[in-house]
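J.: Got a structure for you, written out below as structure tokens; questions coming shortly.
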Amino acid sequence: MQNAALWLDRRFGLKEHSIAHYAWVIVGIAGVVQMVGAAIRMAFGVLVDPLVAAFGWSPGSIGLAYALMSIVTALSSPVAGYLGNRFGARRTMAAGTMLFFIGMMWTSQTKEIWELYVAYGMVFGVSQALLLVPVVPAVASWFRRHLGLGTGIMMVSWSLGPALVVQLLAVLFNTVGWSQAFMFVGIVGTVTLTIVLLYFRNTPEEAGRVAYGTKSYDKPLVTSGNIFVSTQQEFQSYVYKTNAFWNLINIHFLGCVGHAVILVGIIPLGISKGLGPLTAAGVLTTISIVSVLTRFVTPVLSDRFSAKTVMFLSFLGQGVGVFLLFTANSTLDFYIFAVVWAIPYGGEGTAFPVVNRQYYGHSPMGSTYGWQLLGAGLGMALGGALPGMVFDITGGYSWAIGLSAAFSLAGAVAIVLLDSTHKQLIPDWPEIDTATGATAATVRSPIVQPESSSTGD
Amino acid sequence: MKAAAPNQPTDSRSPELERFEIKRRPFLGFGLLMSSVIATLAVLIYFGAWASSDRIENRALAAGIHESEAESEWWEDGLVFACPLH
């Protein structure tokens with residue numbers, strides 16, 4: 001095994017060992033952060049009935065806390081991304097861990113509904129952004145090349161982790177009660193996050209290592225010092241001037257509305273078509289399991305081929321696939337839909353770090369990714385609200401299915417209007433000349449954006 | 001195996017980026033984003049107005065009066081007013 005790894009290192013001309021690389025530790029930590037940070041969000045449904053029983057609050061007013069949390073997380077995402085760039089992902093996530101602890105403890109002691117809104121909706125909402133936004137750009141900085149592989153593995157852990165933790169939380173809520181469960185999750189989660197953050201390093205240089213995929217002829221990148229801060233501001237101003245920056249926020253929004261409608265509406269839709277509750281839940285589980293495959297494959301393919309084409313196919317598949325639901329009436333129809341639709345759905349949002357790398361090179365992507373998650377978060381909030389709203393008005397889900405298709409297909413059209421991902425849009429991040437210590441940015445894109453910068457591949 | 005990381009530069013001079021500029025403003029990207037925002041608002045207003053007119057109609061039917069005589073909330077009036085299709 002070790003011989004094979006060493007052969008691979010020589011074959012690819014890598015500076016540092018490919019399999020025992022510390023980048024995989026960082027990817028693992030990113031998976032743990034997501035598992036702890038997102039599990040309680042994903043388990044919110046389990047919380048509703050105990051709170052109704054304990055306080056007599058309506059499910060709608062409790063659900064408002066979840067909606068508030070989603071919106072607060074979305075709105076905090078660009079700030080979290082900026083803080084990650086400015087102060088480092090580790091410090092930002094440490095602040096997120098503190099807020100996570102406060103949010104969990106306060107929620108466990110909630111007596112009034114407004115306390116739930118502040119503790120869970122706002123404090124926990126901000127902690128989500130501080131924990132989950134900076135970690136992705138930090139992982140990206142650990143990959144000089146093959147970012148798709150790192151992103152793919154991270155995305156798989158992000159979907160499997162919460163799925164496992166949600167089951168544990170459901171048991172916890174039933175055995176020790178909701179208040180004790182929140183305290184338990186708050187303490188165990190905070191201890192876990194603190195331990196993994198001790199091993200987290202913002203950049204390979206901070207850990208005294210080189211990034212994964214660094215070749216012997218690569219010059220090192222600037223990752224700290226005054227020049228890092230000033231150049232970052234300059235590069236971010238270039239990013240804001242590209243069409244892709246604004247359009248990618250738009251695309252993430254459209255894609256997330258498209259699949260949130262289905263993820264929230266598939267169980268009630270299945271039940272309305274005669275499926276049993278467990279069978280309908282199985283459809284959602286099938287979607288989660290099948291989508292793991294494309295969560296991994298999509299960033300890898302995006303890195304290897306055209307990210308734009310891969311994203312377009314994902315959005316197109318997600319939009320066209322929902323038409324199967326118009327004629328779905330039996331259990332088999334729903335499970336066929338689950339398998340067919342989950343494949344493009346899994347690839348909808350996982351290629352964004354790779355696209356950022358292809359457009360903006362090795363410049364820190366915290367702010368850019370944070371803005372994209374703002375679009376995604378608002379899309380998830382809107383898409384989650386649409387099925388119930390449409391059902392209340394029309395008495396059916398046909399309009400919701402149509403809207404899901406329309407949003408996904410609009411996203412596919414917006415992708416066609418992106419610049420080619422084969423062309424970097426801004427200069428590459430400065431490298432250090434090891435001989436002189438001087439810095440120089442490599443301009444790999446056209447000096448001036450061409451008139452036809454908005455055309456496709 | 002651990003490779004030694006290089007020393008980072010200590011000066012604050014920005015690297016040479018002469019001749020690089022982005023002259024055009026991102027009208028297309030920003031325009032697409034705004035189009036989505038406007039289309040989303042239109043969808044919300046349409047369904048909101050639909051829900052509002054249903055609520056007003058149900059109250060009118062329950063009270064046995066005409067829709068125009070039924071009392072409505074400010075947001076119901078606002079949504080119906082904003083939607084050209086209701």
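Ordering of the structure tokens sets the chain letters (A, B, ...); residue numbers start at 1 within each chain; ligands are numbered from 1 in the order shown.
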Residues of region 107-272 of chain A in strand (DSSP E or B) according to DSSP, as a list in words?
T.: Phe143, Tyr212, Lys215 and Leu221 of chain A
J.: Write the residues of the preceding selection, restricted to all heavy atoms, as a PDB file, in the first residue's frame.
T.:
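Result saved to out.pdb:
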ATOM      1  N   PHE A 143      -5.944  22.405  -1.076  1.00  0.00           N
ATOM      2  CA  PHE A 143      -5.825  21.670  -2.336  1.00  0.00           C
ATOM      3  C   PHE A 143      -5.292  22.593  -3.428  1.00  0.00           C
ATOM      4  O   PHE A 143      -6.014  23.449  -3.937  1.00  0.00           O
ATOM      5  CB  PHE A 143      -7.183  21.077  -2.755  1.00  0.00           C
ATOM      6  CG  PHE A 143      -7.578  19.894  -1.921  1.00  0.00           C
ATOM      7  CD1 PHE A 143      -8.175  20.071  -0.681  1.00  0.00           C
ATOM      8  CD2 PHE A 143      -7.318  18.605  -2.352  1.00  0.00           C
ATOM      9  CE1 PHE A 143      -8.519  18.986   0.111  1.00  0.00           C
ATOM     10  CE2 PHE A 143      -7.658  17.509  -1.565  1.00  0.00           C
ATOM     11  CZ  PHE A 143      -8.263  17.703  -0.331  1.00  0.00           C
ATOM     12  N   TYR A 212      -2.189  19.900  -0.887  1.00  0.00           N
ATOM     13  CA  TYR A 212      -2.332  18.660  -1.649  1.00  0.00           C
ATOM     14  C   TYR A 212      -2.277  18.987  -3.143  1.00  0.00           C
ATOM     15  O   TYR A 212      -2.904  19.931  -3.611  1.00  0.00           O
ATOM     16  CB  TYR A 212      -3.681  18.017  -1.318  1.00  0.00           C
ATOM     17  CG  TYR A 212      -3.899  16.683  -1.975  1.00  0.00           C
ATOM     18  CD1 TYR A 212      -3.482  15.513  -1.353  1.00  0.00           C
ATOM     19  CD2 TYR A 212      -4.513  16.585  -3.213  1.00  0.00           C
ATOM     20  CE1 TYR A 212      -3.674  14.284  -1.949  1.00  0.00           C
ATOM     21  CE2 TYR A 212      -4.707  15.365  -3.818  1.00  0.00           C
ATOM     22  CZ  TYR A 212      -4.278  14.213  -3.181  1.00  0.00           C
ATOM     23  OH  TYR A 212      -4.471  12.994  -3.783  1.00  0.00           O
ATOM     24  N   LYS A 215       3.030  20.528  -6.943  1.00  0.00           N
ATOM     25  CA  LYS A 215       4.082  19.851  -7.703  1.00  0.00           C
ATOM     26  C   LYS A 215       5.425  20.525  -7.422  1.00  0.00           C
ATOM     27  O   LYS A 215       5.481  21.646  -6.915  1.00  0.00           O
ATOM     28  CB  LYS A 215       3.739  19.892  -9.185  1.00  0.00           C
ATOM     29  CG  LYS A 215       2.422  19.179  -9.465  1.00  0.00           C
ATOM     30  CD  LYS A 215       2.309  18.683 -10.867  1.00  0.00           C
ATOM     31  CE  LYS A 215       1.036  17.866 -11.006  1.00  0.00           C
ATOM     32  NZ  LYS A 215       0.905  17.206 -12.281  1.00  0.00           N
ATOM     33  N   LEU A 221       2.222  30.006  -2.487  1.00  0.00           N
ATOM     34  CA  LEU A 221       1.249  31.111  -2.549  1.00  0.00           C
ATOM     35  C   LEU A 221       1.371  31.988  -1.306  1.00  0.00           C
ATOM     36  O   LEU A 221       1.791  31.528  -0.247  1.00  0.00           O
ATOM     37  CB  LEU A 221      -0.172  30.546  -2.614  1.00  0.00           C
ATOM     38  CG  LEU A 221      -0.512  29.687  -3.829  1.00  0.00           C
ATOM     39  CD1 LEU A 221      -1.825  28.961  -3.602  1.00  0.00           C
ATOM     40  CD2 LEU A 221      -0.609  30.547  -5.089  1.00  0.00           C
TER      41      LEU A 221
END
J.: May I have the residues within 6 Å of region 48-62 of chain B as a list of chain:residue names, using only C-alpha atoms and disregarding those fewer than 5 positions away in the same chain?
T.: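 Once the nearby chain positions are removed, what remains is A:Ile393, B:Glu67, B:Ala70, B:Glu76, B:Leu79, B:Val80.
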J.: Report, in Å to a single decimal, how far apart CA of Arg357 (chain A) and CA of Pro134 (chain A) are.
T.: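 Distance between the two atoms: 15.2 Å.
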J.: For a test of reading the model, state the distance in Å between CA of Cys83 (chain B) and CA of Tyr46 (chain B), rounded to one decimal.
T.: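 Rounded to one decimal, the two atoms are 5.9 Å apart.
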